[in-house]
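Data block for upload_19.cif (mmCIF, C-alpha atoms (C1' of nucleotides)):
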data_work
#
loop_
_atom_site.label_atom_id
_atom_site.label_comp_id
_atom_site.auth_asym_id
_atom_site.auth_seq_id
_atom_site.Cartn_x
_atom_site.Cartn_y
_atom_site.Cartn_z
CA MET M 1 7.30 0.21 25.58
CA SER M 2 8.42 3.77 26.37
CA ARG M 3 6.32 6.83 25.64
CA SER M 4 8.70 7.86 22.85
CA ASN M 5 8.47 4.43 21.25
CA ARG M 6 4.71 4.57 21.37
CA SER M 7 4.54 7.88 19.60
CA ALA M 8 7.22 6.84 17.15
CA ALA M 9 5.15 3.77 16.36
CA LEU M 10 2.15 6.02 15.85
CA ARG M 11 4.04 8.27 13.46
CA ILE M 12 5.28 5.27 11.52
CA GLU M 13 1.76 3.90 11.36
CA GLN M 14 0.46 7.19 9.97
CA GLN M 15 3.24 7.56 7.45
CA ALA M 16 2.70 3.99 6.36
CA GLN M 17 -0.96 4.73 5.77
CA VAL M 18 -0.10 7.66 3.53
CA PHE M 19 2.37 5.52 1.61
CA ALA M 20 -0.28 2.84 1.28
CA ALA M 21 -2.81 5.39 0.04
CA LEU M 22 -0.41 6.33 -2.74
CA GLY M 23 0.37 2.69 -3.41
CA ASP M 24 -2.29 2.28 -6.06
CA PRO M 25 -2.14 3.58 -9.65
CA THR M 26 -5.75 4.76 -9.64
CA ARG M 27 -5.21 6.81 -6.52
CA MET M 28 -1.93 8.20 -7.81
CA SER M 29 -3.66 9.46 -10.92
CA LEU M 30 -6.48 10.94 -8.86
CA VAL M 31 -3.86 12.90 -6.94
CA THR M 32 -2.35 13.97 -10.24
CA LYS M 33 -5.71 15.14 -11.53
CA LEU M 34 -6.20 17.29 -8.46
CA ILE M 35 -2.75 18.82 -8.52
CA ASP M 36 -3.89 21.98 -10.31
CA GLY M 37 -5.72 23.05 -7.18
CA LYS M 38 -9.23 23.00 -8.64
CA PRO M 39 -11.72 20.95 -6.59
CA GLN M 40 -13.39 18.38 -8.81
CA SER M 41 -16.53 16.31 -8.59
CA ILE M 42 -16.67 12.53 -8.45
CA SER M 43 -18.24 12.40 -11.92
CA THR M 44 -15.50 14.57 -13.37
CA LEU M 45 -12.84 12.47 -11.71
CA THR M 46 -14.49 9.31 -12.99
CA ALA M 47 -14.85 10.50 -16.59
CA GLY M 48 -12.56 8.59 -18.94
CA SER M 49 -11.81 5.99 -16.30
CA LYS M 50 -12.30 2.28 -16.83
CA ILE M 51 -13.77 1.67 -13.43
CA THR M 52 -17.13 2.66 -12.04
CA ARG M 53 -17.99 5.82 -10.17
CA GLN M 54 -18.46 3.82 -6.98
CA ALA M 55 -14.95 2.42 -7.24
CA VAL M 56 -13.59 5.93 -7.67
CA THR M 57 -15.60 7.01 -4.66
CA LYS M 58 -13.93 4.33 -2.57
CA HIS M 59 -10.49 5.42 -3.71
CA LEU M 60 -11.33 9.01 -2.83
CA SER M 61 -12.38 7.84 0.64
CA VAL M 62 -9.03 6.15 1.11
CA LEU M 63 -7.28 9.38 0.16
CA GLU M 64 -9.58 11.35 2.45
CA ASN M 65 -8.92 9.05 5.40
CA VAL M 66 -5.21 9.83 5.32
CA GLY M 67 -5.82 13.54 4.78
CA LEU M 68 -4.61 13.72 1.19
CA VAL M 69 -7.91 15.14 -0.04
CA SER M 70 -10.86 16.86 1.54
CA LYS M 71 -14.49 16.69 0.51
CA ILE M 72 -16.68 19.73 -0.06
CA LYS M 73 -20.40 19.31 -0.61
CA ASP M 74 -21.65 21.72 -3.26
CA GLY M 75 -25.26 21.27 -4.22
CA ARG M 76 -25.73 17.81 -5.58
CA GLU M 77 -22.01 17.41 -6.19
CA SER M 78 -19.17 16.29 -3.94
CA LEU M 79 -16.03 18.17 -4.76
CA TYR M 80 -12.63 16.85 -3.77
CA GLU M 81 -9.62 19.02 -3.21
CA LEU M 82 -6.01 18.03 -2.73
CA ASP M 83 -4.23 18.68 0.55
CA PRO M 84 -0.47 18.30 0.09
CA LYS M 85 0.46 18.36 3.79
CA PRO M 86 0.81 14.57 4.07
CA LEU M 87 3.00 14.61 0.97
CA LEU M 88 5.34 17.09 2.63
CA SER M 89 5.52 14.79 5.61
CA LEU M 90 6.55 11.92 3.34
CA GLN M 91 9.18 14.12 1.73
CA GLU M 92 10.64 14.82 5.15
CA TYR M 93 10.70 11.14 5.96
CA LEU M 94 12.47 10.25 2.72
CA GLN M 95 14.85 13.12 3.31
CA ILE M 96 15.83 11.73 6.69
CA ILE M 97 16.31 8.25 5.31
CA SER M 98 18.46 9.56 2.48
CA SER M 99 20.69 11.61 4.74
CA GLN M 100 21.16 8.70 7.14
CA TRP M 101 22.07 6.58 4.17
CA ASP M 102 24.65 9.11 3.05
CA ASN M 103 26.14 9.14 6.54
CA ALA M 104 26.33 5.36 6.55
CA LEU M 105 28.14 5.42 3.21
CA ASN M 106 30.62 7.99 4.49
CA ASP M 107 31.25 5.97 7.64
CA LEU M 108 31.89 2.90 5.55
CA LYS M 109 34.23 4.82 3.28
CA ARG M 110 36.22 6.14 6.22
CA PHE M 111 36.40 2.68 7.72
CA VAL M 112 37.72 1.17 4.52
CA GLU M 113 40.27 3.93 4.00
CA ASP M 114 41.71 3.72 7.52
CA MET Z 1 -3.32 4.64 -26.07
CA SER Z 2 -0.20 6.42 -27.24
CA ARG Z 3 3.30 5.14 -26.63
CA SER Z 4 3.99 7.95 -24.15
CA ASN Z 5 0.82 7.17 -22.23
CA ARG Z 6 1.80 3.54 -22.09
CA SER Z 7 5.20 4.27 -20.62
CA ALA Z 8 3.74 6.88 -18.29
CA ALA Z 9 1.30 4.28 -17.06
CA LEU Z 10 4.19 1.90 -16.54
CA ARG Z 11 6.12 4.46 -14.51
CA ILE Z 12 3.07 5.19 -12.38
CA GLU Z 13 2.56 1.49 -11.83
CA GLN Z 14 6.15 1.05 -10.69
CA GLN Z 15 6.07 4.07 -8.40
CA ALA Z 16 2.80 2.86 -6.94
CA GLN Z 17 4.41 -0.47 -6.16
CA VAL Z 18 7.22 1.20 -4.27
CA PHE Z 19 4.72 3.33 -2.35
CA ALA Z 20 2.74 0.20 -1.57
CA ALA Z 21 5.88 -1.59 -0.40
CA LEU Z 22 6.47 1.22 2.11
CA GLY Z 23 2.80 1.26 3.03
CA ASP Z 24 3.19 -1.16 5.91
CA PRO Z 25 4.67 -0.40 9.34
CA THR Z 26 6.61 -3.65 9.51
CA ARG Z 27 8.28 -2.99 6.18
CA MET Z 28 8.99 0.62 7.10
CA SER Z 29 10.82 -0.51 10.21
CA LEU Z 30 12.73 -3.13 8.24
CA VAL Z 31 13.93 -0.35 5.96
CA THR Z 32 14.87 1.67 9.03
CA LYS Z 33 16.84 -1.22 10.47
CA LEU Z 34 18.81 -1.54 7.25
CA ILE Z 35 19.54 2.16 6.90
CA ASP Z 36 23.00 1.89 8.48
CA GLY Z 37 24.20 0.02 5.43
CA LYS Z 38 25.03 -3.25 7.15
CA PRO Z 39 23.46 -6.30 5.51
CA GLN Z 40 21.48 -8.25 8.08
CA SER Z 41 20.14 -11.77 8.29
CA ILE Z 42 16.49 -12.73 8.50
CA SER Z 43 16.95 -13.95 12.07
CA THR Z 44 18.55 -10.69 13.12
CA LEU Z 45 15.81 -8.71 11.44
CA THR Z 46 13.17 -10.86 13.13
CA ALA Z 47 14.66 -10.60 16.63
CA GLY Z 48 12.44 -8.57 18.93
CA SER Z 49 9.57 -8.63 16.48
CA LYS Z 50 6.10 -9.83 17.36
CA ILE Z 51 5.60 -11.74 14.15
CA THR Z 52 7.22 -14.94 12.98
CA ARG Z 53 10.35 -15.29 10.92
CA GLN Z 54 8.31 -16.46 7.95
CA ALA Z 55 6.18 -13.34 8.05
CA VAL Z 56 9.32 -11.21 8.08
CA THR Z 57 10.63 -13.23 5.15
CA LYS Z 58 7.50 -12.38 3.17
CA HIS Z 59 7.86 -8.69 3.93
CA LEU Z 60 11.49 -8.82 2.82
CA SER Z 61 10.37 -10.41 -0.43
CA VAL Z 62 7.94 -7.57 -1.02
CA LEU Z 63 10.75 -5.08 -0.51
CA GLU Z 64 13.02 -7.10 -2.78
CA ASN Z 65 10.42 -7.24 -5.56
CA VAL Z 66 10.37 -3.46 -5.83
CA GLY Z 67 14.13 -3.22 -5.60
CA LEU Z 68 14.31 -1.66 -2.15
CA VAL Z 69 16.50 -4.44 -0.79
CA SER Z 70 18.71 -7.10 -2.26
CA LYS Z 71 19.42 -10.57 -0.93
CA ILE Z 72 22.89 -11.99 -0.47
CA LYS Z 73 23.34 -15.65 0.40
CA ASP Z 74 26.14 -16.13 2.90
CA GLY Z 75 26.57 -19.65 4.14
CA ARG Z 76 23.39 -20.70 5.83
CA GLU Z 77 22.26 -17.11 6.20
CA SER Z 78 20.39 -14.80 3.87
CA LEU Z 79 21.58 -11.25 4.28
CA TYR Z 80 19.47 -8.33 3.15
CA GLU Z 81 20.88 -4.99 2.15
CA LEU Z 82 19.08 -1.73 1.48
CA ASP Z 83 19.09 -0.18 -1.98
CA PRO Z 84 17.92 3.44 -1.79
CA LYS Z 85 17.48 4.01 -5.53
CA PRO Z 86 13.72 3.51 -5.49
CA LEU Z 87 13.49 5.94 -2.60
CA LEU Z 88 15.26 8.58 -4.65
CA SER Z 89 12.75 7.98 -7.40
CA LEU Z 90 9.90 8.59 -4.97
CA GLN Z 91 11.57 11.77 -3.80
CA GLU Z 92 11.67 13.01 -7.36
CA TYR Z 93 8.02 12.20 -7.82
CA LEU Z 94 7.00 14.04 -4.65
CA GLN Z 95 9.23 16.92 -5.69
CA ILE Z 96 7.40 17.24 -8.99
CA ILE Z 97 4.01 17.10 -7.32
CA SER Z 98 5.04 19.73 -4.80
CA SER Z 99 6.36 22.12 -7.41
CA GLN Z 100 3.23 21.74 -9.53
CA TRP Z 101 1.20 22.46 -6.45
CA ASP Z 102 3.20 25.61 -5.79
CA ASN Z 103 2.61 26.72 -9.36
CA ALA Z 104 -1.10 26.15 -8.98
CA LEU Z 105 -1.16 28.25 -5.83
CA ASN Z 106 0.71 31.07 -7.56
CA ASP Z 107 -1.65 30.96 -10.51
CA LEU Z 108 -4.61 31.19 -8.17
CA LYS Z 109 -3.01 34.10 -6.32
CA ARG Z 110 -2.40 35.98 -9.55
CA PHE Z 111 -5.95 35.29 -10.67
CA VAL Z 112 -7.41 36.64 -7.44
CA GLU Z 113 -5.21 39.73 -7.47
CA ASP Z 114 -6.06 40.70 -11.04
"C1'" DA G 1 -44.36 18.61 -11.94
"C1'" DT G 2 -41.35 15.57 -14.32
"C1'" DT G 3 -37.10 14.17 -15.70
"C1'" DA G 4 -32.24 13.95 -15.55
"C1'" DA G 5 -27.90 14.14 -13.03
"C1'" DA G 6 -24.85 13.27 -9.06
"C1'" DT G 7 -24.30 10.85 -5.02
"C1'" DG G 8 -24.89 7.72 -1.16
"C1'" DC G 9 -25.56 3.17 0.79
"C1'" DA G 10 -25.34 -1.74 1.12
"C1'" DA G 11 -24.71 -6.29 -0.34
"C1'" DC G 12 -21.89 -9.16 -2.71
"C1'" DC G 13 -17.80 -11.36 -5.21
"C1'" DA G 14 -13.09 -12.42 -6.34
"C1'" DT G 15 -8.50 -11.88 -5.33
"C1'" DA G 16 -4.57 -10.37 -2.81
"C1'" DA G 17 -2.24 -9.62 1.50
"C1'" DT G 18 -0.83 -10.96 6.09
"C1'" DG G 19 0.14 -14.24 9.17
"C1'" DT G 20 0.39 -18.95 11.01
"C1'" DT G 21 2.01 -23.95 11.42
"C1'" DG G 22 4.57 -28.00 10.02
"C1'" DC G 23 8.18 -30.04 7.84
"C1'" DA G 24 12.32 -30.38 4.78
"C1'" DT G 25 17.04 -28.92 3.76
"C1'" DA G 26 21.48 -26.87 4.18
"C1'" DT G 27 25.35 -25.11 7.22
"C1'" DT G 28 27.90 -24.62 11.24
"C1'" DA G 29 29.33 -26.00 15.87
"C1'" DA G 30 30.44 -29.40 19.51
"C1'" DT K 1 28.86 -37.56 13.59
"C1'" DT K 2 25.31 -35.32 16.15
"C1'" DA K 3 23.09 -31.44 17.41
"C1'" DA K 4 21.86 -26.81 16.76
"C1'" DT K 5 20.97 -22.87 13.67
"C1'" DA K 6 19.14 -20.54 9.65
"C1'" DT K 7 16.44 -20.77 6.04
"C1'" DG K 8 13.14 -22.48 2.42
"C1'" DC K 9 8.73 -24.34 0.94
"C1'" DA K 10 3.91 -25.20 1.05
"C1'" DA K 11 -0.65 -25.42 2.84
"C1'" DC K 12 -3.91 -23.08 5.29
"C1'" DA K 13 -6.97 -19.44 7.65
"C1'" DT K 14 -8.40 -14.78 8.06
"C1'" DT K 15 -9.03 -10.29 6.71
"C1'" DA K 16 -8.44 -6.41 3.61
"C1'" DT K 17 -8.85 -4.55 -0.95
"C1'" DG K 18 -10.77 -3.40 -5.33
"C1'" DG K 19 -14.47 -3.81 -7.91
"C1'" DT K 20 -19.36 -4.61 -9.28
"C1'" DT K 21 -24.58 -4.15 -9.21
"C1'" DG K 22 -29.01 -2.39 -7.61
"C1'" DC K 23 -31.64 0.90 -5.49
"C1'" DA K 24 -32.68 5.12 -2.75
"C1'" DT K 25 -32.08 10.09 -2.18
"C1'" DT K 26 -31.03 14.79 -3.19
"C1'" DT K 27 -30.58 18.71 -6.49
"C1'" DA K 28 -30.97 20.86 -10.83
"C1'" DA K 29 -33.02 21.52 -15.29
"C1'" DT K 30 -37.22 21.49 -18.57
#

Would it be possible to restate this file's structure as structure tokens?
Amino acid sequence: MSRSNRSAALRIEQQAQVFAALGDPTRMSLVTKLIDGKPQSISTLTAGSKITRQAVTKHLSVLENVGLVSKIKDGRESLYELDPKPLLSLQEYLQIISSQWDNALNDLKRFVED
Amino acid sequence: MSRSNRSAALRIEQQAQVFAALGDPTRMSLVTKLIDGKPQSISTLTAGSKITRQAVTKHLSVLENVGLVSKIKDGRESLYELDPKPLLSLQEYLQIISSQWDNALNDLKRFVED
DNA sequence: ATTAAATGCAACCATAATGTTGCATATTAA
DNA sequence: TTAATATGCAACATTATGGTTGCATTTAAT
């Protein structure tokens, strides 16, 4: 496999991990809760949830592992803060896919009309 | 739970499923292979892969279940075609998150400057 | 100094996801 | 009509995921 294929495979792997991290309703709502920019503690993020604090902790770790949140120790609390960079990366990816799709449609159209 | 919360939860669940469907490198590359608009058979999509045809078939089913591809029987072949609608939906979602994030940053800026 | 609150860590369980193999069936080609 | 191709179906093994419980540890409040 060429160097470029290796790094492309790496990029795909990373993107896939971010997609996977968002591929769970609990984690999507955690992201939503953090969207206002205020770092929040595990207890706060767990409040009102139907699952245990430890489950929420695991979900936060998944998000942290793909760089979607970062953890800040503050006294006895662990605050989590959103980092939207990986989301921007996904947007770019979807953008590329969409534009390629548009091109494919145009090509098809031209082919049919000729 | 209110009606609006119920349907919001449904939407989140659906979006999460699409994210999850893309959350695997094999499925991401299947999507990439189909981006030119040409429906392709399972055998074609499996060629050059390191996993078996049956594994690819399962991945295609995952994509089909969230509406990212559709299956067309043609003789003895099963052709799969990309449907980008769910991708557009994800783009919208990410767009909303991004804009809310920008708002939060602006609010914070204003707060600090006051 | 005690008590309460917030986490961390680890073991454990149930279920889902990923992949394989083997065989049956349907279509096309020779 | 025989052989080759493409797929479908089902059982199985392995590992990952999502969740729980119990207990220890650290920090804050009385």

Legend entry - Near-range 70-80 of chain Z list (10 Å; only C-alpha atoms (C1' of nucleotides); drop same-chain fewer than 4 positions) as a VMD selection string: (chain Z and resid 30 34 37 to 45 57 60 to 61 63 to 66) or (chain G and resid 26 to 28) or (chain K and resid 5 to 7)

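Among the candidates M:Asn5, M:Gln17, M:Ser49, M:Gln54, the one nearest to chain Z when counting only C-alpha atoms is M:Gln17.
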
Inset, instruction - Check the smallest atom-to-atom distance from each of Z:Glu13, Z:Glu113, Z:Asp24, Z:Asp107 to chain G using all atoms listed in the file, then report the winner. - result: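 Selected residue with least distance to chain G: Z:Asp24.
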
Name all residues at most 12 Å from DC13 in chain G (count all atoms listed in the file; drop same-chain ones fewer than 4 positions away) and give them as a tab-separated table (two decimals) with C-alpha atoms (C1' of nucleotides), in the frame of the given file.
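The resulting file, part35.tsv, is reproduced below:
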chain	number	residue	atom	x	y	z
K	18	DG	C1'	-10.77	-3.40	-5.33
K	19	DG	C1'	-14.47	-3.81	-7.91
K	20	DT	C1'	-19.36	-4.61	-9.28
K	21	DT	C1'	-24.58	-4.15	-9.21

Legend entry - Two-atom distance - CA of Arg11 in chain M, CA of Phe19 in chain Z (Å):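 Interatomic distance here is 16.6 Å.
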
Completed range 50-61 of chain M (all heavy atoms) as a compact mmCIF listing (two decimals), in the frame of the given file:
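Written out: part-v6.txt:
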# COMPACT_ATOMS: atom_id res chain seq x y z
N LYS M 50 -11.76 3.58 -16.44
CA LYS M 50 -12.30 2.28 -16.83
C LYS M 50 -13.08 1.63 -15.70
O LYS M 50 -13.69 0.59 -15.89
CB LYS M 50 -11.15 1.36 -17.27
CG LYS M 50 -10.53 1.83 -18.56
CD LYS M 50 -9.34 0.99 -18.98
CE LYS M 50 -8.77 1.54 -20.29
NZ LYS M 50 -7.49 0.88 -20.69
N ILE M 51 -13.03 2.25 -14.55
CA ILE M 51 -13.77 1.67 -13.43
C ILE M 51 -14.99 2.53 -13.13
O ILE M 51 -15.13 3.65 -13.63
CB ILE M 51 -12.87 1.56 -12.18
CG1 ILE M 51 -12.37 2.93 -11.76
CG2 ILE M 51 -11.72 0.61 -12.43
CD1 ILE M 51 -11.51 2.88 -10.53
N THR M 52 -15.86 1.99 -12.32
CA THR M 52 -17.13 2.66 -12.04
C THR M 52 -16.95 3.85 -11.09
O THR M 52 -15.94 3.96 -10.40
CB THR M 52 -18.13 1.68 -11.39
OG1 THR M 52 -17.58 1.22 -10.17
CG2 THR M 52 -18.41 0.52 -12.31
N ARG M 53 -17.98 4.68 -11.08
CA ARG M 53 -17.99 5.82 -10.17
C ARG M 53 -17.84 5.38 -8.71
O ARG M 53 -17.11 6.00 -7.93
CB ARG M 53 -19.32 6.58 -10.34
CG ARG M 53 -19.61 7.62 -9.31
CD ARG M 53 -20.98 8.26 -9.52
NE ARG M 53 -22.07 7.32 -9.44
CZ ARG M 53 -22.63 6.91 -8.30
NH1 ARG M 53 -22.19 7.35 -7.14
NH2 ARG M 53 -23.63 6.05 -8.32
N GLN M 54 -18.51 4.27 -8.37
CA GLN M 54 -18.46 3.82 -6.98
C GLN M 54 -17.05 3.39 -6.58
O GLN M 54 -16.62 3.62 -5.44
CB GLN M 54 -19.43 2.65 -6.76
CG GLN M 54 -20.89 3.05 -6.80
CD GLN M 54 -21.46 3.07 -8.20
OE1 GLN M 54 -20.71 3.16 -9.17
NE2 GLN M 54 -22.77 2.98 -8.32
N ALA M 55 -16.34 2.80 -7.53
CA ALA M 55 -14.95 2.42 -7.24
C ALA M 55 -14.11 3.67 -7.00
O ALA M 55 -13.31 3.73 -6.06
CB ALA M 55 -14.38 1.59 -8.38
N VAL M 56 -14.32 4.67 -7.85
CA VAL M 56 -13.59 5.93 -7.67
C VAL M 56 -13.92 6.55 -6.32
O VAL M 56 -13.03 7.03 -5.61
CB VAL M 56 -13.92 6.92 -8.81
CG1 VAL M 56 -13.34 8.29 -8.52
CG2 VAL M 56 -13.41 6.38 -10.14
N THR M 57 -15.18 6.49 -5.96
CA THR M 57 -15.60 7.01 -4.66
C THR M 57 -14.83 6.34 -3.52
O THR M 57 -14.36 7.01 -2.59
CB THR M 57 -17.11 6.78 -4.44
OG1 THR M 57 -17.83 7.45 -5.47
CG2 THR M 57 -17.56 7.32 -3.09
N LYS M 58 -14.68 5.03 -3.62
CA LYS M 58 -13.93 4.33 -2.57
C LYS M 58 -12.49 4.79 -2.52
O LYS M 58 -11.93 5.00 -1.44
CB LYS M 58 -13.97 2.81 -2.82
CG LYS M 58 -15.30 2.17 -2.48
CD LYS M 58 -15.14 0.66 -2.46
CE LYS M 58 -16.49 -0.04 -2.30
NZ LYS M 58 -16.33 -1.50 -2.29
N HIS M 59 -11.88 4.96 -3.69
CA HIS M 59 -10.49 5.42 -3.71
C HIS M 59 -10.37 6.81 -3.09
O HIS M 59 -9.43 7.09 -2.35
CB HIS M 59 -9.96 5.43 -5.14
CG HIS M 59 -9.61 4.07 -5.67
ND1 HIS M 59 -8.65 3.27 -5.09
CD2 HIS M 59 -10.11 3.35 -6.70
CE1 HIS M 59 -8.56 2.12 -5.76
NE2 HIS M 59 -9.44 2.15 -6.74
N LEU M 60 -11.35 7.66 -3.41
CA LEU M 60 -11.33 9.01 -2.83
C LEU M 60 -11.46 8.95 -1.31
O LEU M 60 -10.82 9.73 -0.60
CB LEU M 60 -12.46 9.86 -3.44
CG LEU M 60 -12.22 10.29 -4.89
CD1 LEU M 60 -13.48 10.89 -5.51
CD2 LEU M 60 -11.06 11.29 -4.97
N SER M 61 -12.24 7.99 -0.82
CA SER M 61 -12.38 7.84 0.64
C SER M 61 -11.06 7.44 1.27
O SER M 61 -10.70 7.94 2.35
CB SER M 61 -13.45 6.79 0.97
OG SER M 61 -14.70 7.23 0.49
